Every structure is written in structure tokens, then in C-alpha cells.
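Everything below belongs to start-v1.txt, which stores compact mmCIF, C-alpha atoms and all ligand atoms.
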# COMPACT_ATOMS: atom_id res chain seq x y z
CA MET A 1125 9.04 -24.74 18.37
CA GLN A 1126 9.09 -22.59 15.25
CA ALA A 1127 7.15 -19.39 14.75
CA SER A 1128 4.41 -19.92 12.17
CA ALA A 1129 1.22 -18.48 10.77
CA GLN A 1130 -2.05 -19.78 9.45
CA GLY A 1131 -5.15 -18.00 8.20
CA ALA A 1132 -5.71 -14.89 10.32
CA HIS A 1133 -3.40 -16.08 13.08
CA ALA A 1134 0.31 -15.87 13.80
CA TYR A 1135 2.04 -18.11 16.35
CA ASP A 1136 5.26 -17.27 18.15
CA HIS A 1137 8.03 -19.73 18.96
CA GLU A 1138 6.15 -20.78 22.13
CA HIS A 1139 3.03 -21.36 20.05
CA ARG A 1140 1.19 -18.37 21.52
CA ARG A 1141 -1.56 -17.39 19.12
CA PHE A 1142 -2.11 -13.81 17.88
CA ILE A 1143 -4.92 -12.46 15.73
CA ASP A 1144 -2.89 -10.73 13.04
CA TYR A 1145 -3.89 -7.32 11.68
CA ILE A 1146 -0.49 -6.56 10.16
CA MET A 1147 -1.02 -9.11 7.41
CA ALA A 1148 2.58 -8.55 6.30
CA TYR A 1149 1.71 -4.85 5.73
CA GLY A 1150 -0.77 -5.67 3.02
CA PRO A 1151 -0.03 -8.68 0.82
CA LEU A 1152 -1.97 -11.24 2.84
CA PHE A 1153 -5.43 -10.36 1.56
CA PHE A 1154 -6.38 -14.03 1.87
CA GLY A 1155 -4.68 -14.57 5.23
CA HIS A 1156 -1.46 -16.47 5.75
CA THR A 1157 -2.18 -19.77 4.06
CA HIS A 1158 -5.15 -19.76 1.73
CA PRO A 1159 -5.22 -23.31 0.33
CA ALA A 1160 -5.77 -22.07 -3.22
CA LEU A 1161 -2.43 -20.26 -2.97
CA THR A 1162 -0.38 -22.75 -0.99
CA LYS A 1163 -1.48 -26.00 -2.57
CA GLY A 1164 0.79 -27.66 -5.09
CA VAL A 1165 3.57 -25.08 -4.85
CA ASP A 1166 5.99 -27.89 -5.71
CA GLU A 1167 4.38 -28.09 -9.14
CA LEU A 1168 4.89 -24.38 -9.67
CA VAL A 1169 8.62 -24.67 -9.27
CA ALA A 1170 9.01 -28.03 -10.97
CA GLY A 1171 9.88 -26.19 -14.17
CA GLY A 1172 12.43 -23.92 -12.47
CA TRP A 1173 12.57 -20.98 -10.03
CA VAL A 1174 13.81 -18.28 -12.33
CA TRP A 1175 14.66 -18.24 -16.01
CA GLY A 1176 15.86 -14.77 -16.92
CA SER A 1177 13.73 -14.86 -20.06
CA THR A 1178 10.25 -13.55 -20.72
CA HIS A 1179 7.75 -16.40 -20.76
CA PRO A 1180 4.15 -16.85 -21.94
CA GLU A 1181 2.63 -16.77 -18.44
CA GLU A 1182 4.25 -13.38 -17.90
CA ILE A 1183 2.62 -12.07 -21.08
CA ARG A 1184 -0.72 -13.58 -20.05
CA LEU A 1185 -0.42 -11.93 -16.62
CA ALA A 1186 0.31 -8.56 -18.23
CA ARG A 1187 -2.78 -8.93 -20.43
CA ARG A 1188 -4.92 -9.85 -17.44
CA ILE A 1189 -3.70 -6.81 -15.51
CA ARG A 1190 -4.28 -4.54 -18.50
CA SER A 1191 -7.87 -5.77 -18.78
CA TYR A 1192 -8.48 -4.28 -15.31
CA LEU A 1193 -6.12 -1.31 -15.48
CA PRO A 1194 -6.29 -0.08 -19.08
CA ILE A 1195 -3.69 2.62 -18.45
CA MET A 1196 -1.09 -0.15 -18.05
CA GLU A 1197 -0.69 -0.36 -21.83
CA ARG A 1198 2.83 -1.59 -21.24
CA MET A 1199 4.31 -2.91 -18.02
CA ARG A 1200 7.32 -4.62 -16.49
CA PHE A 1201 7.44 -7.04 -13.62
CA VAL A 1202 9.86 -6.51 -10.75
CA THR A 1203 10.20 -8.01 -7.30
CA THR A 1204 9.27 -5.29 -4.80
CA GLY A 1205 7.16 -2.18 -4.62
CA THR A 1206 10.33 -0.18 -4.01
CA GLU A 1207 11.72 -1.28 -7.38
CA ALA A 1208 8.40 -0.59 -9.08
CA VAL A 1209 8.26 3.03 -7.88
CA MET A 1210 11.97 3.66 -8.39
CA SER A 1211 11.69 2.39 -11.96
CA ALA A 1212 8.51 4.33 -12.72
CA ILE A 1213 10.20 7.55 -11.59
CA ARG A 1214 13.23 6.83 -13.75
CA VAL A 1215 10.95 6.28 -16.75
CA ALA A 1216 9.08 9.50 -16.03
CA ARG A 1217 12.36 11.40 -15.81
CA ALA A 1218 13.63 9.86 -19.05
CA TYR A 1219 10.36 10.59 -20.83
CA THR A 1220 10.17 14.22 -19.77
CA ASN A 1221 13.92 14.79 -19.80
CA ARG A 1222 13.48 16.56 -16.47
CA ASN A 1223 14.49 15.68 -12.91
CA LEU A 1224 12.12 17.20 -10.38
CA VAL A 1225 9.85 14.79 -8.48
CA LEU A 1226 6.95 16.07 -6.39
CA LYS A 1227 5.80 13.73 -3.65
CA PHE A 1228 3.63 14.00 -0.56
CA ALA A 1229 4.57 13.94 3.12
CA GLY A 1230 3.26 10.78 4.76
CA ASN A 1231 3.00 8.76 1.56
CA TYR A 1232 5.37 5.80 1.48
CA HIS A 1233 6.87 4.61 -1.80
CA GLY A 1234 9.59 2.22 -0.62
CA HIS A 1235 13.09 2.71 0.69
CA PHE A 1236 15.12 4.07 -2.24
CA ASP A 1237 16.78 7.44 -1.73
CA LEU A 1238 14.31 10.06 -2.86
CA ALA A 1239 11.30 8.17 -1.52
CA LEU A 1240 12.50 8.69 2.02
CA PHE A 1241 11.91 12.41 2.37
CA ASP A 1242 9.08 12.85 4.85
CA ALA A 1243 7.87 9.31 4.18
CA GLY A 1244 5.03 7.75 6.13
CA ALA A 1245 4.64 4.14 7.29
CA SER A 1246 7.36 3.17 9.74
CA ALA A 1247 10.12 4.98 7.86
CA HIS A 1248 12.39 7.09 10.06
CA THR A 1249 12.99 10.12 7.91
CA SER A 1250 13.30 13.03 10.27
CA ASP A 1251 16.82 13.72 9.00
CA ALA A 1252 17.27 12.04 5.65
CA GLY A 1253 20.51 13.95 5.07
CA ARG A 1254 22.16 12.15 8.00
CA GLY A 1255 20.53 8.87 7.02
CA GLY A 1256 22.77 8.09 4.07
CA ILE A 1257 20.98 10.08 1.39
CA PRO A 1258 23.30 12.35 -0.60
CA ALA A 1259 22.53 16.05 -0.83
CA GLY A 1260 22.39 15.75 -4.62
CA VAL A 1261 19.25 13.64 -4.33
CA MET A 1262 17.53 16.26 -2.20
CA ALA A 1263 18.01 18.87 -4.91
CA ASP A 1264 15.51 17.14 -7.20
CA VAL A 1265 12.65 16.25 -4.89
CA VAL A 1266 10.02 18.49 -3.32
CA VAL A 1267 7.50 17.40 -0.72
CA ALA A 1268 3.96 18.79 -0.65
CA ARG A 1269 1.07 18.34 1.79
CA TYR A 1270 -1.49 15.69 0.89
CA ASN A 1271 -4.98 17.05 0.14
CA ASP A 1272 -3.53 20.55 -0.24
CA LEU A 1273 -3.25 21.85 -3.81
CA ALA A 1274 -2.03 25.23 -2.56
CA SER A 1275 1.08 23.52 -1.16
CA VAL A 1276 1.62 21.88 -4.56
CA ASP A 1277 1.29 25.20 -6.35
CA ALA A 1278 3.67 26.90 -3.94
CA LEU A 1279 6.35 24.34 -4.78
CA LEU A 1280 5.69 24.41 -8.51
CA ARG A 1281 5.54 28.18 -8.84
CA GLU A 1282 9.31 28.43 -9.10
CA ARG A 1283 10.13 25.01 -10.51
CA GLY A 1284 7.11 23.85 -12.53
CA ASN A 1285 9.13 23.73 -15.74
CA GLU A 1286 11.52 21.23 -14.10
CA LEU A 1287 8.75 18.82 -13.07
CA ALA A 1288 9.17 15.24 -14.29
CA CYS A 1289 6.39 13.65 -12.24
CA ILE A 1290 4.03 13.78 -9.34
CA ILE A 1291 3.91 10.53 -7.39
CA VAL A 1292 1.00 9.95 -5.04
CA GLU A 1293 -0.91 7.26 -3.20
CA PRO A 1294 -4.42 7.86 -4.61
CA ILE A 1295 -5.84 6.51 -1.34
CA VAL A 1296 -3.24 6.52 1.42
CA GLY A 1297 -2.49 3.66 3.79
CA ASN A 1298 0.77 4.95 5.23
CA MET A 1299 -0.20 7.90 7.45
CA GLY A 1300 -3.22 6.14 8.78
CA TYR A 1301 -5.99 5.71 6.27
CA VAL A 1302 -6.48 8.93 4.29
CA THR A 1303 -8.83 9.50 1.39
CA PRO A 1304 -8.33 12.28 -1.16
CA ILE A 1305 -10.67 15.23 -0.76
CA GLU A 1306 -12.85 16.20 -3.72
CA GLY A 1307 -10.77 17.83 -6.45
CA PHE A 1308 -7.35 16.92 -5.04
CA LEU A 1309 -6.39 14.15 -7.48
CA SER A 1310 -8.08 15.82 -10.44
CA GLY A 1311 -6.11 18.93 -9.46
CA LEU A 1312 -2.89 16.93 -9.69
CA ARG A 1313 -4.03 15.56 -13.06
CA GLU A 1314 -4.67 19.08 -14.31
CA ARG A 1315 -1.26 20.35 -13.12
CA CYS A 1316 0.59 17.42 -14.73
CA ASP A 1317 -1.26 18.06 -18.01
CA ARG A 1318 -0.46 21.76 -17.90
CA LEU A 1319 3.22 21.18 -17.13
CA ASN A 1320 3.64 18.14 -19.42
CA ALA A 1321 4.64 16.04 -16.43
CA VAL A 1322 3.78 12.43 -15.62
CA LEU A 1323 1.20 11.55 -12.96
CA ILE A 1324 2.10 8.30 -11.15
CA PHE A 1325 -0.39 6.53 -8.90
CA ASP A 1326 1.31 4.27 -6.39
CA GLU A 1327 -1.21 1.45 -6.02
CA VAL A 1328 1.16 -0.94 -4.27
CA ILE A 1329 -1.31 -1.11 -1.36
CA THR A 1330 -4.56 -0.25 -3.08
CA TRP A 1331 -4.65 -2.41 -6.21
CA LEU A 1332 -6.81 -5.48 -5.46
CA ARG A 1333 -7.48 -4.28 -1.91
CA PHE A 1334 -10.05 -1.93 -3.41
CA GLY A 1335 -11.06 -4.16 -6.27
CA LEU A 1336 -9.60 -5.48 -9.49
CA ALA A 1337 -9.66 -2.02 -11.05
CA GLY A 1338 -7.86 -0.53 -8.05
CA ALA A 1339 -8.15 2.88 -6.42
CA GLN A 1340 -7.96 4.57 -9.82
CA ALA A 1341 -11.43 3.32 -10.69
CA ARG A 1342 -12.77 4.53 -7.33
CA VAL A 1343 -11.32 8.02 -7.56
CA ALA A 1344 -12.20 8.42 -11.25
CA VAL A 1345 -8.88 10.05 -12.13
CA THR A 1346 -6.59 8.36 -14.61
CA PRO A 1347 -2.85 8.49 -14.02
CA ASP A 1348 -0.19 8.16 -16.73
CA MET A 1349 1.67 5.44 -14.85
CA THR A 1350 0.85 3.00 -12.05
CA THR A 1351 2.87 0.89 -9.64
CA LEU A 1352 1.57 -2.39 -8.21
CA GLY A 1353 2.77 -4.91 -5.62
CA LYS A 1354 1.82 -6.53 -2.30
CA ILE A 1355 -1.52 -8.41 -2.77
CA MET A 1356 -0.57 -9.03 -6.38
CA GLY A 1357 1.64 -11.99 -5.37
CA GLY A 1358 -0.53 -13.25 -2.49
CA GLY A 1359 2.67 -13.44 -0.42
CA ALA A 1360 5.12 -14.20 -3.21
CA PRO A 1361 7.41 -11.30 -4.12
CA ILE A 1362 6.20 -9.65 -7.31
CA ALA A 1363 5.46 -6.07 -8.26
CA ALA A 1364 4.96 -4.14 -11.50
CA PHE A 1365 5.16 -0.72 -13.03
CA GLY A 1366 3.67 0.46 -16.27
CA GLY A 1367 1.63 3.03 -18.06
CA ARG A 1368 0.96 4.68 -21.36
CA ALA A 1369 2.87 3.01 -24.19
CA GLU A 1370 4.25 6.33 -25.36
CA ILE A 1371 5.91 6.81 -21.96
CA MET A 1372 7.06 3.21 -21.45
CA ARG A 1373 8.71 3.31 -24.88
CA VAL A 1374 11.66 5.16 -23.33
CA LEU A 1375 12.71 1.83 -21.81
CA ALA A 1376 15.51 -0.17 -23.38
CA PRO A 1377 15.73 -1.74 -25.88
CA ASP A 1378 13.39 0.81 -27.59
CA GLY A 1379 14.79 3.77 -25.67
CA PRO A 1380 17.69 4.93 -23.51
CA CYS A 1381 16.25 4.15 -20.06
CA PHE A 1382 17.27 0.94 -18.29
CA THR A 1383 15.63 -1.06 -15.52
CA GLY A 1384 16.38 -4.67 -14.66
CA GLY A 1385 16.06 -7.27 -11.91
CA THR A 1386 17.24 -10.88 -11.87
CA HIS A 1387 14.05 -12.17 -10.27
CA GLY A 1388 11.57 -9.90 -12.06
CA GLY A 1389 8.77 -11.95 -13.64
CA ASN A 1390 10.08 -15.26 -12.30
CA PRO A 1391 7.67 -18.13 -13.06
CA LEU A 1392 6.86 -18.90 -9.41
CA SER A 1393 5.78 -15.36 -8.54
CA VAL A 1394 3.93 -14.98 -11.84
CA ALA A 1395 2.04 -18.23 -11.20
CA MET A 1396 1.10 -16.98 -7.75
CA ALA A 1397 -0.15 -13.70 -9.23
CA HIS A 1398 -2.38 -15.71 -11.59
CA ARG A 1399 -3.72 -17.65 -8.62
CA VAL A 1400 -4.54 -14.38 -6.84
CA LEU A 1401 -6.49 -13.11 -9.84
CA ASP A 1402 -8.22 -16.49 -10.22
CA LEU A 1403 -9.33 -16.30 -6.59
CA LEU A 1404 -10.65 -12.77 -6.85
CA GLU A 1405 -12.44 -13.45 -10.13
CA THR A 1406 -14.16 -16.56 -8.77
CA HIS A 1407 -14.92 -15.10 -5.32
CA PRO A 1408 -16.33 -11.61 -5.75
CA GLU A 1409 -18.12 -12.16 -2.41
CA TYR A 1410 -14.78 -11.87 -0.59
CA TYR A 1411 -14.99 -8.10 -0.87
CA ASP A 1412 -18.49 -7.88 0.64
CA ARG A 1413 -17.59 -10.30 3.39
CA MET A 1414 -14.56 -8.31 4.46
CA ASP A 1415 -16.56 -5.09 4.22
CA ALA A 1416 -19.18 -6.53 6.60
CA LEU A 1417 -16.52 -7.77 9.01
CA GLY A 1418 -14.73 -4.41 8.86
CA ALA A 1419 -18.02 -2.63 9.57
CA ASP A 1420 -18.52 -4.82 12.68
CA LEU A 1421 -15.01 -4.06 13.90
CA ALA A 1422 -15.43 -0.33 13.27
CA GLU A 1423 -18.86 -0.21 14.94
CA GLY A 1424 -17.51 -2.13 17.92
CA LEU A 1425 -14.62 0.33 18.26
CA ARG A 1426 -16.99 3.30 18.04
CA ALA A 1427 -19.20 1.81 20.76
CA ILE A 1428 -16.19 1.29 23.06
CA PHE A 1429 -14.91 4.83 22.45
CA SER A 1430 -18.34 6.30 23.05
CA ARG A 1431 -18.79 4.35 26.30
CA ARG A 1432 -15.37 5.49 27.48
CA GLY A 1433 -15.85 9.09 26.30
CA LEU A 1434 -12.90 8.91 23.89
CA PRO A 1435 -12.87 11.45 21.03
CA TYR A 1436 -11.21 9.26 18.38
CA ALA A 1437 -12.65 8.91 14.87
CA VAL A 1438 -12.84 5.38 13.47
CA VAL A 1439 -12.39 4.95 9.73
CA HIS A 1440 -13.59 1.92 7.85
CA HIS A 1441 -13.22 1.21 4.13
CA GLU A 1442 -13.85 -2.40 3.14
CA SER A 1443 -10.93 -4.43 4.54
CA VAL A 1444 -9.24 -1.44 6.20
CA VAL A 1445 -10.07 -0.25 9.71
CA ASP A 1446 -8.20 2.56 11.38
CA PHE A 1447 -8.24 5.01 14.27
CA LYS A 1448 -5.62 7.25 15.78
CA PHE A 1449 -5.05 8.51 19.31
CA ARG A 1450 -5.89 12.06 18.25
CA PRO A 1451 -9.15 13.90 18.92
CA GLY A 1452 -11.05 15.23 15.91
CA PRO A 1453 -11.80 14.07 12.38
CA PRO A 1454 -9.83 11.30 10.62
CA ASN A 1455 -6.37 12.13 9.28
CA ARG A 1456 -6.29 14.30 6.16
CA ASN A 1457 -2.52 14.71 5.89
CA TYR A 1458 0.76 13.93 7.59
CA ASP A 1459 0.46 16.84 10.03
CA ASP A 1460 -2.66 15.16 11.43
CA ALA A 1461 -0.86 11.80 11.58
CA ARG A 1462 2.08 13.31 13.43
CA ALA A 1463 -0.22 14.95 15.98
CA ALA A 1464 -1.43 11.54 17.25
CA ASP A 1465 -0.25 10.43 20.71
CA LYS A 1466 2.69 8.09 20.03
CA ALA A 1467 3.39 7.16 23.65
CA LEU A 1468 -0.24 6.14 24.20
CA TYR A 1469 -0.24 4.07 21.01
CA SER A 1470 2.90 2.31 22.14
CA ARG A 1471 1.29 1.37 25.47
CA TYR A 1472 -1.88 0.24 23.64
CA TYR A 1473 0.16 -1.81 21.16
CA TRP A 1474 1.83 -3.77 23.99
CA ALA A 1475 -1.41 -4.15 25.93
CA MET A 1476 -3.07 -5.60 22.81
CA ARG A 1477 -0.13 -7.86 22.19
CA GLU A 1478 -0.33 -9.22 25.73
CA ARG A 1479 -3.94 -10.04 24.92
CA GLY A 1480 -3.09 -11.91 21.72
CA ILE A 1481 -3.71 -9.19 19.14
CA LEU A 1482 -0.97 -8.26 16.70
CA LEU A 1483 -1.15 -4.65 15.55
CA PRO A 1484 1.35 -2.74 13.42
CA PRO A 1485 3.94 -1.22 15.75
CA SER A 1486 3.74 2.19 14.04
CA GLN A 1487 0.61 4.29 14.37
CA ASN A 1488 1.07 5.37 10.74
CA GLU A 1489 -0.09 1.94 9.61
CA VAL A 1490 -3.65 0.64 9.50
CA MET A 1491 -5.39 -2.61 10.48
CA PHE A 1492 -5.78 -4.95 7.52
CA LEU A 1493 -8.49 -7.61 7.53
CA SER A 1494 -8.17 -10.71 5.39
CA THR A 1495 -10.63 -13.23 4.01
CA ALA A 1496 -9.47 -15.53 6.83
CA HIS A 1497 -10.64 -13.28 9.69
CA THR A 1498 -13.90 -14.37 11.31
CA ALA A 1499 -16.65 -12.87 13.45
CA GLU A 1500 -15.07 -14.67 16.44
CA ASP A 1501 -11.76 -12.92 15.72
CA ILE A 1502 -13.55 -9.57 15.72
CA ASP A 1503 -15.33 -10.31 19.02
CA GLU A 1504 -12.07 -11.37 20.63
CA THR A 1505 -10.34 -8.26 19.27
CA LEU A 1506 -13.02 -5.89 20.59
CA ALA A 1507 -12.85 -7.46 24.04
CA ALA A 1508 -9.07 -6.99 23.98
CA VAL A 1509 -9.44 -3.35 22.85
CA ASP A 1510 -11.77 -2.60 25.75
CA GLU A 1511 -9.49 -4.25 28.28
CA SER A 1512 -6.36 -2.69 26.81
CA LEU A 1513 -7.81 0.81 26.88
CA GLY A 1514 -8.84 0.20 30.48
CA ALA A 1515 -5.26 -0.75 31.25
CA VAL A 1516 -3.44 2.07 29.45
CA LEU A 1517 -5.62 5.18 29.85
C1 LIG B 1 2.26 2.53 -1.27
C2 LIG B 1 3.53 1.77 -1.20
N1 LIG B 1 4.41 1.86 -2.22
C3 LIG B 1 5.57 1.16 -2.22
C4 LIG B 1 5.91 0.34 -1.18
C5 LIG B 1 7.20 -0.42 -1.19
O1 LIG B 1 6.95 -1.77 -1.41
P1 LIG B 1 8.03 -2.88 -0.96
O2 LIG B 1 8.02 -2.91 0.54
O3 LIG B 1 7.50 -4.14 -1.59
O4 LIG B 1 9.34 -2.49 -1.51
C6 LIG B 1 5.03 0.23 -0.09
C7 LIG B 1 5.37 -0.65 1.05
O5 LIG B 1 4.81 -0.59 2.12
C8 LIG B 1 3.81 0.95 -0.10
O6 LIG B 1 2.96 0.90 0.92

So, in terms of C-alpha cells, how does the structure I just supplied come out?
Amino acid sequence: MQASAQGAHAYDHEHRRFIDYIMAYGPLFFGHTHPALTKGVDELVAGGWVWGSTHPEEIRLARRIRSYLPIMERMRFVTTGTEAVMSAIRVARAYTNRNLVLKFAGNYHGHFDLALFDAGASAHTSDAGRGGIPAGVMADVVVARYNDLASVDALLRERGNELACIIVEPIVGNMGYVTPIEGFLSGLRERCDRLNAVLIFDEVITWLRFGLAGAQARVAVTPDMTTLGKIMGGGAPIAAFGGRAEIMRVLAPDGPCFTGGTHGGNPLSVAMAHRVLDLLETHPEYYDRMDALGADLAEGLRAIFSRRGLPYAVVHHESVVDFKFRPGPPNRNYDDARAADKALYSRYYWAMRERGILLPPSQNEVMFLSTAHTAEDIDETLAAVDESLGAVL
């Protein structure tokens, strides 16, 4: 038998069913096989998989995205979030004619060289220097603490005039679920303005998960550039980067900065991205439904923890639910994330898996709900949580 997946469920090669909260680390906002995305895929490729030329549907997609994210005055389509962020940083460096990148510990921006310093998610970055990243790369990246402007200032005090960009997840999904404290993102905006550097919001997880206008509308701070991916393709590989026209103009053929990608903007992935936007535009209730389901899951977890006397904070934001095996308030930065009990999470992960629940194997990740999850899935999950905690504590 083949492993497979449908809706909120994944099946292994023996056809054991799992309620899936990984959801491919984000893209599967509609579950594994929403009919509006899977139907008639043959027709989508009937005209060809990839053309290597810009086509009208690509332009229409860019216009649709810009209507929701006005800062994306110009954009380019690529295949993965990694490419989107890597390209955005190159553009920022070309635009400012500077090299220094400031990023945050516990944010994850893909697997290209400089992104891997102190990265969150399941990246193993304790010794990037021995992990194939040349020392030259390290010279032009500094890593600050999320939600801590003093740590940003300490790094910029000496090197502010070298700063090309600050890259940040405006709401973080890669060191557990972390929201920016009041003034943090506006503080980054202010520092970029003062230093003539580019502020990049990495919305590869957050765009569409938190609405068509993304996290940037929620946090009320406008970046100069934005990167998109994951949900955008509903499972098909497509991502984008873009921003103010004045900045994007450094790209060839107008300017000296090059990015490419054989499969960028291919007609299949672009068609899928249109289908995703169609679905979200015609089903605004999806957001409320997932929020209600997420609230039930979070409340159920809180009740279990309270009954068992466990001091873990449960975080819920729409389709994201998260808790860590660490007493105290929810994570605010990567130090908090690292203080969580890894060995206990590992035992809990396996106990849940034995009970048919698929969680991300790294505690840095969060639980993603999809439009395919049901109240029955939540009930089954909560029963498994209670049993698993009984087994592992
Ligand atoms: C915020 C963020 N940016 C970028 C990426 C990289 O995207 P990809 O895995 O498509 O290369 C990820 C992937 O998890 C991400 O979470």
C-alpha cells in the first residue's frame, strides 16, 4: 500500500490514519486535497508545465497580490520561500550598496547560507561554521534577539552604516508561536528609516494564514519588501518576493542585480495560486471556522493542563495552536524556545503518534489547523493528548 493523505488525515503505507497537524509545515491551509484545488489539474497542465516566458496569468496574479499587499508594487515569482528570501536580501544589498544583514535568532528564512545562523524551525544551526557555511558569509550577518530593540541597537551601534536590511518574521511561527511586543516592529521600521536600510517582512508562513492582507495589516507596520510562499500555492511550489518599485528597480534588466529560476512563475503553480485566492475570496467564513476550532483545541488543552497541574501556556491565534513544555508565559524569543524540555517533547511526540496524531517533530514548530479539520478531529486529539501526557509524565 502507498502512503497517502486526504483532508486533515495522513495515511502511512499500512493505511494507519493520522490526524495531521504538520500540514506540510504550512501550505495546506485547506487540508491535503481540497476538491477546488485538486479537480481538473490535467486541464491546468494541458497547455504545458513550464514556459520560461512571462504570461498573462502571472501578471494577473501579481495584480491580485498587489491589491491585498500594496507594498508589493513590483514582484517576482520563484519556487520556494528560500529563494524568495535569498533574492529579497540580494535586492536589498544591491539597492543600498551595503552588505550587512540583521536577522533574529529563532526566525527561519530558508536554508541558504546566511539564513542559517541561529535559525529556528527544525534547522540545526548550533555550529554553522562547521556546517558548510564559509566564514566570509558570517562576516556580513548579525543576529539579534526577537522582541528586544536593545539587542538590535547593540549590534547596530558599531555597524549601522553598513546595514543593508533587517529581515524579520512579523509574527513568528518558527520558535513556537511568537507575537511582536508593542513597539518592536515599529522600532525596526524607525531604525531602517534612520539608517536608510530596507525592512523585509518574511510572510512565507503568515500571508493568507492571517488573512489576505497578511501579518503586515495586523501589525500595522509597513515593510519595504515582503516575501511570500507556502499557502500561496495551496501545495504547489510557488513563492514571491517584491516591494517598493524604487527598490525592485535594481533588478535586471533595469538594474545590475540578477535573480532567476527555471520554474519561477510556471503556469501550473500560478494557476494553483489563483485557485487559492479564489477559494479565500469566496469563503471568508473559513477563517472564522478555523478560529472557532482552534479555540476549542486551545481550551481543551488548557483544561487538561489545569486538571493535571501543568504550568504550560497555550497560545491560540486563528488556525495556529501552540504550547511548549516550559513553565511560564508563552515564548517571546528564541531563549524561551530553547528553554523548553526537548526530551519530554520527544516522548510526547511519539506517544501522540502511537495514538494517531501527527505533530511536528521539532518543538520549535506549531500545530496548524486546516479547513478540513473537524470537531471530531479535535475531540480525538484532546483524548490523545490526555492519554499521552499520562503516559509520558
Ligand atoms: C518564515 C519562513 N520563511 C522562509 C521559509 C523557507 O521556505 P521554503 O521551505 O519554501 O524554502 C520558511 C519555511 O519554513 C519559513 O517558515

- ligand LIG 1 (chain B): which residues are within 8 Å, counting all atoms listed in the file, as a PyMOL selection string? chain A and resi 1149-1150+1203-1209+1231-1235+1245+1293+1296-1298+1326-1330+1351-1354+1361+1363

- Out of A:Met1372, A:Val1302, A:Leu1273, A:Ala1461, which residue has the shortest atom-to-atom distance to Met1196 in chain A when counting only C-alpha atoms? A:Met1372

- Message: When you look at Met1147 in chain A with a cut-off of 12 Å (counting only C-alpha atoms), what residues show up, excluding the ones that are within fewer than 3 positions of it in the same chain? I need them as a PyMOL selection string.
- Response: chain A and resi 1129-1134+1142-1144+1150-1157+1329+1354-1355+1358-1359+1443-1444+1482-1484+1489-1497

- With distances taken over all atoms listed in the file, which of A:Ala1427, A:Ile1146, A:Ala1341, A:Leu1323 is nearest to Gly1366 in chain A? A:Leu1323

- Item | Point-to-point distance from CA of Ala1337 in chain A to CA of Arg1399 in chain A, Å rounded to tenths |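 Computed distance, CA of Ala1337 in chain A to CA of Arg1399 in chain A, equals 16.9 Å.
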
Name the residues in contact with range 1499-1505 of chain A at a cut-off of 8 Å, using only C-alpha atoms, excluding same-chain residues fewer than 5 positions from it; report them as a tab-separated table (two decimals) with C-alpha atoms, in the frame of the given file.
chain	number	residue	atom	x	y	z
A	1143	ILE	CA	-4.92	-12.46	15.73
A	1417	LEU	CA	-16.52	-7.77	9.01
A	1420	ASP	CA	-18.52	-4.82	12.68
A	1421	LEU	CA	-15.01	-4.06	13.90
A	1481	ILE	CA	-3.71	-9.19	19.14

- Query: Do you have the CA of Ala1507 in chain A-CA of Arg1431 in chain A distance handy?
  - Reply: 13.4 Å

- Message: Env of Arg1456 in chain A: 9 Å cut, atoms = only C-alpha atoms, seq-sep filter 5 positions within chain, self excluded. Answer as an MDAnalysis selection string.
- Response: chainID A and resid 1270:1271 1299 1301:1305 1461

- Item | Nearest candidate to Ala1229 in chain A (options A:Asp1277, A:Asp1459, A:Asp1446, A:Glu1138; using all atoms listed in the file) | A:Asp1459

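When all atoms listed in the file are used to compute distances to Ser1486 in chain A, the closest of the residues A:Arg1342, A:Gly1300, A:Ser1275, A:Arg1184 turns out to be A:Gly1300.
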
- Task: Tell me which of A:Pro1294, A:Ala1247, A:Ser1128, A:Met1396 sits closest to Gly1307 in chain A, counting all atoms listed in the file.
- Result: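 Counting all atoms listed in the file, the residue closest to Gly1307 in chain A is A:Pro1294.
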
- Selected residue of minimal separation from Ser1211 in chain A among A:Asn1320, A:Thr1350, A:Ala1243, A:Trp1474, counting all atoms listed in the file: A:Thr1350
